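Source file: target.cif (mmCIF, C-alpha atoms)
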data_start
loop_
_atom_site.label_atom_id
_atom_site.label_comp_id
_atom_site.auth_asym_id
_atom_site.auth_seq_id
_atom_site.Cartn_x
_atom_site.Cartn_y
_atom_site.Cartn_z
CA MET S 1 39.72 -6.52 28.84
CA ILE S 2 36.20 -7.44 29.94
CA LYS S 3 35.36 -3.76 30.30
CA ASN S 4 36.59 -3.00 26.77
CA ARG S 5 34.52 -5.86 25.38
CA ALA S 6 31.46 -4.59 27.21
CA VAL S 7 31.97 -1.09 25.82
CA ALA S 8 32.46 -2.47 22.31
CA ALA S 9 29.29 -4.55 22.64
CA LEU S 10 27.34 -1.51 23.81
CA LEU S 11 28.64 0.59 20.92
CA LYS S 12 27.73 -2.15 18.46
CA ALA S 13 24.26 -2.45 19.97
CA TRP S 14 23.81 1.33 19.77
CA THR S 15 24.87 1.35 16.12
CA LEU S 16 22.41 -1.41 15.28
CA LEU S 17 19.69 0.42 17.18
CA ARG S 18 20.33 3.62 15.24
CA GLN S 19 20.21 1.72 11.96
CA ALA S 20 16.94 0.06 12.91
CA PHE S 21 15.29 3.24 14.10
CA ASN S 22 16.18 5.51 11.24
CA ARG S 23 14.27 8.65 10.45
CA GLN S 24 11.64 6.88 8.35
CA LYS S 25 11.02 4.38 11.13
CA ILE S 26 10.56 7.16 13.64
CA TYR S 27 7.98 8.83 11.39
CA GLU S 28 6.08 5.54 11.19
CA ILE S 29 6.13 5.03 14.96
CA LEU S 30 5.31 8.62 15.94
CA PRO S 31 1.49 8.62 15.37
CA ALA S 32 0.92 5.45 17.41
CA PHE S 33 3.35 6.66 20.07
CA LEU S 34 1.45 9.94 20.49
CA VAL S 35 -1.87 8.09 20.81
CA TRP S 36 -0.55 5.82 23.55
CA LEU S 37 1.19 8.75 25.24
CA THR S 38 -2.14 10.57 25.39
CA PHE S 39 -3.86 7.61 27.07
CA VAL S 40 -1.03 7.05 29.55
CA LEU S 41 -0.77 10.74 30.46
CA ALA S 42 -4.52 10.93 31.04
CA ILE S 43 -4.29 8.09 33.57
CA VAL S 44 -1.12 9.37 35.28
CA VAL S 45 -2.32 12.99 35.51
CA SER S 46 -5.71 11.87 36.89
CA PHE S 47 -3.87 10.65 40.02
CA ALA S 48 -1.26 13.41 40.26
CA ARG S 49 -3.41 16.40 39.21
CA PRO S 50 -7.11 15.41 39.07
CA LEU S 51 -8.27 18.90 38.05
CA TRP S 52 -5.82 19.02 35.15
CA ALA S 53 -7.02 15.61 34.05
CA ILE S 54 -10.65 16.77 34.08
CA VAL S 55 -9.82 19.82 31.96
CA PHE S 56 -7.74 17.72 29.56
CA ILE S 57 -10.48 15.12 29.09
CA ILE S 58 -13.16 17.79 28.51
CA ILE S 59 -11.01 19.54 25.89
CA PHE S 60 -10.18 16.19 24.26
CA ASP S 61 -13.88 15.24 24.09
CA LEU S 62 -14.81 18.65 22.66
CA LEU S 63 -12.21 18.28 19.93
CA TRP S 64 -13.60 14.89 18.96
CA LEU S 65 -17.14 16.28 19.00
CA ILE S 66 -16.06 19.05 16.63
CA ARG S 67 -14.43 16.48 14.34
CA VAL S 68 -17.62 14.41 14.30
CA TYR S 69 -19.74 17.45 13.40
CA TYR S 70 -17.20 18.38 10.72
CA LEU S 71 -17.38 14.88 9.24
CA VAL S 72 -21.19 14.72 9.32
CA ILE S 73 -21.58 18.14 7.68
CA HIS S 74 -19.23 17.26 4.82
CA LEU S 75 -20.78 13.81 4.46
CA LEU S 76 -24.25 15.33 4.07
CA ALA S 77 -22.94 17.96 1.65
CA SER S 78 -21.27 15.25 -0.44
CA TRP S 79 -24.44 13.14 -0.46
CA ILE S 80 -26.58 16.09 -1.58
CA ARG S 81 -24.10 16.91 -4.33
CA PHE S 82 -23.96 13.27 -5.44
CA LYS S 83 -27.76 13.03 -5.68
CA HIS S 84 -27.81 16.24 -7.71
CA ASP S 85 -25.02 15.19 -10.09
CA ALA S 86 -26.48 11.69 -10.53
CA LYS S 87 -29.53 13.21 -12.22
CA ILE S 88 -27.43 14.87 -14.93
CA SER S 89 -26.62 13.16 -18.22
CA TRP S 90 -22.91 13.86 -18.31
CA LEU S 91 -22.48 12.45 -21.79
CA ASP S 92 -24.93 15.09 -23.06
CA GLU S 93 -23.03 17.71 -21.08
CA LEU S 94 -19.81 16.59 -22.77
CA LYS S 95 -21.33 17.12 -26.18
CA THR S 96 -22.12 20.74 -25.32
CA LEU S 97 -18.50 21.67 -24.50
CA PRO S 98 -17.48 24.39 -26.99
CA ASP S 99 -13.69 24.26 -26.91
CA LYS S 100 -12.64 20.65 -26.41
CA ASN S 101 -13.26 17.59 -28.51
CA TRP S 102 -13.93 15.03 -25.78
CA GLU S 103 -13.78 12.17 -28.28
CA ASP S 104 -10.02 12.70 -28.61
CA TYR S 105 -9.50 11.46 -25.04
CA CYS S 106 -8.81 7.85 -24.09
CA HIS S 107 -9.27 6.22 -20.70
CA LEU S 108 -6.45 4.05 -19.37
CA ILE S 109 -7.95 1.73 -16.75
CA PHE S 110 -5.78 -0.39 -14.45
CA LEU S 111 -7.28 -3.55 -12.96
CA PRO S 112 -4.73 -5.28 -10.69
CA THR S 113 -5.64 -8.80 -9.64
CA TYR S 114 -4.22 -11.69 -7.65
CA LYS S 115 -5.97 -15.07 -7.44
CA GLU S 116 -9.43 -13.59 -8.03
CA PRO S 117 -11.78 -16.04 -9.81
CA TYR S 118 -13.19 -15.46 -13.28
CA GLU S 119 -16.68 -14.74 -11.95
CA VAL S 120 -15.51 -11.71 -9.96
CA ILE S 121 -13.50 -10.16 -12.79
CA ASP S 122 -16.23 -10.90 -15.32
CA LYS S 123 -18.66 -8.70 -13.36
CA THR S 124 -16.14 -5.85 -13.45
CA PHE S 125 -15.68 -6.15 -17.21
CA ASP S 126 -19.42 -6.45 -17.74
CA ALA S 127 -19.99 -3.21 -15.82
CA LEU S 128 -17.30 -1.45 -17.87
CA ALA S 129 -18.87 -2.68 -21.10
CA LYS S 130 -22.26 -1.22 -20.10
CA VAL S 131 -21.23 2.30 -19.09
CA ASN S 132 -22.79 5.35 -20.69
CA TYR S 133 -19.68 6.21 -22.67
CA PRO S 134 -18.01 5.00 -25.90
CA THR S 135 -16.10 1.93 -24.72
CA HIS S 136 -13.87 1.91 -27.81
CA LYS S 137 -12.02 4.71 -25.99
CA PHE S 138 -11.06 2.35 -23.15
CA LEU S 139 -7.60 0.84 -22.85
CA LEU S 140 -7.89 -1.79 -20.11
CA VAL S 141 -4.82 -3.10 -18.32
CA LEU S 142 -5.46 -6.41 -16.60
CA ALA S 143 -2.45 -6.70 -14.31
CA GLY S 144 -1.72 -10.12 -12.83
CA GLU S 145 1.06 -11.68 -10.78
CA THR S 146 3.54 -14.33 -11.92
CA ARG S 147 2.78 -16.18 -8.66
CA ASP S 148 -0.73 -16.80 -10.03
CA ARG S 149 0.34 -17.29 -13.64
CA ASN S 150 -1.77 -20.27 -14.71
CA ASN S 151 -5.05 -19.11 -13.18
CA PHE S 152 -4.52 -15.52 -14.32
CA LEU S 153 -3.71 -16.33 -17.95
CA ASP S 154 -6.73 -18.62 -18.18
CA VAL S 155 -9.01 -15.88 -16.83
CA ALA S 156 -7.41 -13.27 -19.10
CA GLU S 157 -7.93 -15.43 -22.19
CA ARG S 158 -11.62 -15.97 -21.40
CA LEU S 159 -12.15 -12.25 -20.79
CA ASN S 160 -10.35 -11.33 -23.99
CA GLN S 161 -12.57 -13.65 -26.00
CA LYS S 162 -15.73 -12.25 -24.43
CA TYR S 163 -14.93 -8.53 -24.25
CA GLY S 164 -11.98 -7.94 -26.59
CA HIS S 165 -14.17 -6.45 -29.33
CA LYS S 166 -15.85 -4.00 -26.96
CA PHE S 167 -12.75 -2.00 -25.99
CA LEU S 168 -9.86 -0.29 -27.75
CA LYS S 169 -7.46 -2.82 -26.24
CA ILE S 170 -7.14 -5.23 -23.33
CA LEU S 171 -3.51 -5.31 -22.26
CA VAL S 172 -2.55 -8.31 -20.13
CA THR S 173 0.56 -7.93 -17.96
CA LEU S 174 2.36 -10.36 -15.65
CA HIS S 175 4.23 -8.74 -12.77
CA PRO S 176 7.52 -10.66 -12.28
CA GLN S 177 8.63 -11.90 -8.89
CA ASN S 178 11.64 -10.69 -6.92
CA LEU S 179 12.33 -7.47 -8.80
CA ALA S 180 15.09 -5.37 -7.24
CA ASP S 181 14.14 -2.50 -4.89
CA GLU S 182 10.50 -3.53 -4.84
CA ILE S 183 7.98 -4.74 -2.27
CA PRO S 184 5.49 -7.24 -3.79
CA GLY S 185 1.91 -5.99 -3.74
CA LYS S 186 -0.77 -4.03 -5.54
CA GLY S 187 1.28 -0.85 -5.86
CA SER S 188 4.29 -2.55 -7.42
CA ASN S 189 1.99 -4.50 -9.74
CA ILE S 190 0.38 -1.28 -11.00
CA ASN S 191 3.79 0.36 -11.36
CA TYR S 192 5.02 -2.48 -13.57
CA ALA S 193 1.77 -2.49 -15.56
CA GLY S 194 2.08 1.26 -16.07
CA HIS S 195 5.44 0.89 -17.78
CA GLN S 196 4.02 -1.81 -20.06
CA ALA S 197 1.00 0.36 -20.84
CA GLN S 198 3.28 3.26 -21.78
CA LYS S 199 4.93 1.10 -24.45
CA LEU S 200 1.52 0.25 -25.92
CA ILE S 201 0.43 3.90 -25.82
CA ASP S 202 3.57 4.86 -27.73
CA GLU S 203 2.84 2.17 -30.32
CA LEU S 204 -0.71 3.45 -30.74
CA LYS S 205 0.64 7.01 -30.98
CA ILE S 206 -1.81 8.37 -28.40
CA PRO S 207 -0.66 11.73 -26.95
CA TYR S 208 -0.07 11.51 -23.20
CA GLU S 209 -2.12 14.66 -22.59
CA LYS S 210 -5.12 12.90 -24.16
CA ILE S 211 -5.11 10.03 -21.65
CA ILE S 212 -7.15 9.94 -18.44
CA VAL S 213 -6.04 7.28 -15.96
CA SER S 214 -8.20 5.33 -13.51
CA SER S 215 -7.10 2.53 -11.17
CA PHE S 216 -9.81 0.25 -9.78
CA ASP S 217 -9.98 -2.67 -7.40
CA ILE S 218 -10.65 -5.79 -9.42
CA ASP S 219 -14.18 -6.15 -7.98
CA THR S 220 -15.22 -2.56 -8.79
CA CYS S 221 -18.51 -2.26 -10.66
CA VAL S 222 -18.19 1.25 -12.01
CA TYR S 223 -21.10 3.71 -11.99
CA PRO S 224 -22.55 4.03 -15.53
CA ASP S 225 -21.88 7.79 -15.82
CA TYR S 226 -18.47 7.72 -14.12
CA PHE S 227 -16.36 8.12 -17.25
CA ALA S 228 -18.57 10.79 -18.78
CA TYR S 229 -18.42 12.74 -15.52
CA LEU S 230 -14.66 12.24 -15.18
CA THR S 231 -14.02 13.39 -18.75
CA TYR S 232 -16.25 16.44 -18.28
CA LYS S 233 -14.42 17.48 -15.12
CA TYR S 234 -11.04 16.79 -16.71
#
With the file now loaded, output its structure as structure tokens.
Amino acid sequence: MIKNRAVAALLKAWTLLRQAFNRQKIYEILPAFLVWLTFVLAIVVSFARPLWAIVFIIIFDLLWLIRVYYLVIHLLASWIRFKHDAKISWLDELKTLPDKNWEDYCHLIFLPTYKEPYEVIDKTFDALAKVNYPTHKFLLVLAGETRDRNNFLDVAERLNQKYGHKFLKILVTLHPQNLADEIPGKGSNINYAGHQAQKLIDELKIPYEKIIVSSFDIDTCVYPDYFAYLTYKY
């Protein structure tokens, strides 16, 4: 009897273990496991096979050196390209495009926030209002959380009064709590706001193919030529 109970307990424990460590969990654990395995093997092999350990460490260091050079080269190339592109008036470049009417495009801009004060968000809106691009083509989505309802709605009202006339529309959304199959956070907030924005886009009869989407942190002060550059590349 005791033996049967022990076997049953072991089987139950094994079932629970399999449920806990499902395939997704294994994928999440694997990178960290490989890192620690590398460190442990380096120590163990250094005692058992010192020469192997020396070769392994040299190869490992060389690989990291190559990665550093790779990163530095691409970082420098990106910086040079940025300095070059920053000198170009991308709004003027847009006006020279022969085939596309860039003024038909609208920018849908998501700004998720949670408990940020008015002063922080005001700087973001101020930067958006001063970009080198027609701001009446901007549909801003200020996405707040129900958990911060009172503060958020107060901030949204003040921003709407100050900047409402500068943009096509400022859509204010409140992400509900405890939605099914959802983890609370920035991603779920944007997902909810996206569905609300789609309803507004349908009401305004803006074709989906004429919308360019950006998602910023709430404290992002956008570069003045960002939207002109983005539209040109799009």
Reference answer for the PyMOL selection byres ((chain S and resi 147) around 12), as a list in words:
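Expected selection for the PyMOL selection byres ((chain S and resi 147) around 12) here is Thr113, Tyr114, Lys115, Gly144, Glu145, Thr146, Asp148, Arg149, Asn150, Asn151, Phe152, Leu153, Leu174, His175, Pro176, Gln177, Asn178, Pro184, Gly185 and Asn189 of chain S.
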Report the distance between CA of His136 in chain S and CA of Glu103 in chain S in Å, rounded to one decimal place.
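Going from CA of His136 in chain S over to CA of Glu103 in chain S, I get 10.3 Å.
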Written as a PDB file with C-alpha atoms, keeping the file's coordinate frame, what is the full residue list that the PyMOL selection byres ((chain S and resi 105) around 12) yields on the file shown?
ATOM      1  CA  LEU S  94     -19.810  16.590 -22.770  1.00  0.00           C
ATOM      2  CA  LYS S 100     -12.640  20.650 -26.410  1.00  0.00           C
ATOM      3  CA  ASN S 101     -13.260  17.590 -28.510  1.00  0.00           C
ATOM      4  CA  TRP S 102     -13.930  15.030 -25.780  1.00  0.00           C
ATOM      5  CA  GLU S 103     -13.780  12.170 -28.280  1.00  0.00           C
ATOM      6  CA  ASP S 104     -10.020  12.700 -28.610  1.00  0.00           C
ATOM      7  CA  CYS S 106      -8.810   7.850 -24.090  1.00  0.00           C
ATOM      8  CA  HIS S 107      -9.270   6.220 -20.700  1.00  0.00           C
ATOM      9  CA  LEU S 108      -6.450   4.050 -19.370  1.00  0.00           C
ATOM     10  CA  TYR S 133     -19.680   6.210 -22.670  1.00  0.00           C
ATOM     11  CA  PRO S 134     -18.010   5.000 -25.900  1.00  0.00           C
ATOM     12  CA  THR S 135     -16.100   1.930 -24.720  1.00  0.00           C
ATOM     13  CA  HIS S 136     -13.870   1.910 -27.810  1.00  0.00           C
ATOM     14  CA  LYS S 137     -12.020   4.710 -25.990  1.00  0.00           C
ATOM     15  CA  PHE S 138     -11.060   2.350 -23.150  1.00  0.00           C
ATOM     16  CA  LEU S 139      -7.600   0.840 -22.850  1.00  0.00           C
ATOM     17  CA  ILE S 206      -1.810   8.370 -28.400  1.00  0.00           C
ATOM     18  CA  PRO S 207      -0.660  11.730 -26.950  1.00  0.00           C
ATOM     19  CA  TYR S 208      -0.070  11.510 -23.200  1.00  0.00           C
ATOM     20  CA  GLU S 209      -2.120  14.660 -22.590  1.00  0.00           C
ATOM     21  CA  LYS S 210      -5.120  12.900 -24.160  1.00  0.00           C
ATOM     22  CA  ILE S 211      -5.110  10.030 -21.650  1.00  0.00           C
ATOM     23  CA  ILE S 212      -7.150   9.940 -18.440  1.00  0.00           C
ATOM     24  CA  VAL S 213      -6.040   7.280 -15.960  1.00  0.00           C
ATOM     25  CA  PHE S 227     -16.360   8.120 -17.250  1.00  0.00           C
ATOM     26  CA  ALA S 228     -18.570  10.790 -18.780  1.00  0.00           C
ATOM     27  CA  LEU S 230     -14.660  12.240 -15.180  1.00  0.00           C
ATOM     28  CA  THR S 231     -14.020  13.390 -18.750  1.00  0.00           C
ATOM     29  CA  TYR S 232     -16.250  16.440 -18.280  1.00  0.00           C
ATOM     30  CA  TYR S 234     -11.040  16.790 -16.710  1.00  0.00           C
TER      31      TYR S 234
END
Selection under test: the PyMOL selection byres ((chain S and resi 83-87) around 10); residues as a ChimeraX atom specification:
/S:78-82,88-90,223-226,229
Go through S:Glu116, S:Asp154, S:Ile109, S:Ala193 and flag the residue nearest Lys169 in chain S, using only C-alpha atoms for the distances.
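Checking each candidate against Lys169 in chain S, we get S:Ile109 as the closest.
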Name the residues within 10 Å of (-21.3, -1.6, -7.9), counting only C-alpha atoms in the file's coordinates, and put them as a PDB file with C-alpha atoms, in the coordinates of the input.
ATOM      1  CA  LYS S 123     -18.660  -8.700 -13.360  1.00  0.00           C
ATOM      2  CA  THR S 124     -16.140  -5.850 -13.450  1.00  0.00           C
ATOM      3  CA  ALA S 127     -19.990  -3.210 -15.820  1.00  0.00           C
ATOM      4  CA  ASP S 219     -14.180  -6.150  -7.980  1.00  0.00           C
ATOM      5  CA  THR S 220     -15.220  -2.560  -8.790  1.00  0.00           C
ATOM      6  CA  CYS S 221     -18.510  -2.260 -10.660  1.00  0.00           C
ATOM      7  CA  VAL S 222     -18.190   1.250 -12.010  1.00  0.00           C
ATOM      8  CA  TYR S 223     -21.100   3.710 -11.990  1.00  0.00           C
ATOM      9  CA  PRO S 224     -22.550   4.030 -15.530  1.00  0.00           C
TER      10      PRO S 224
END
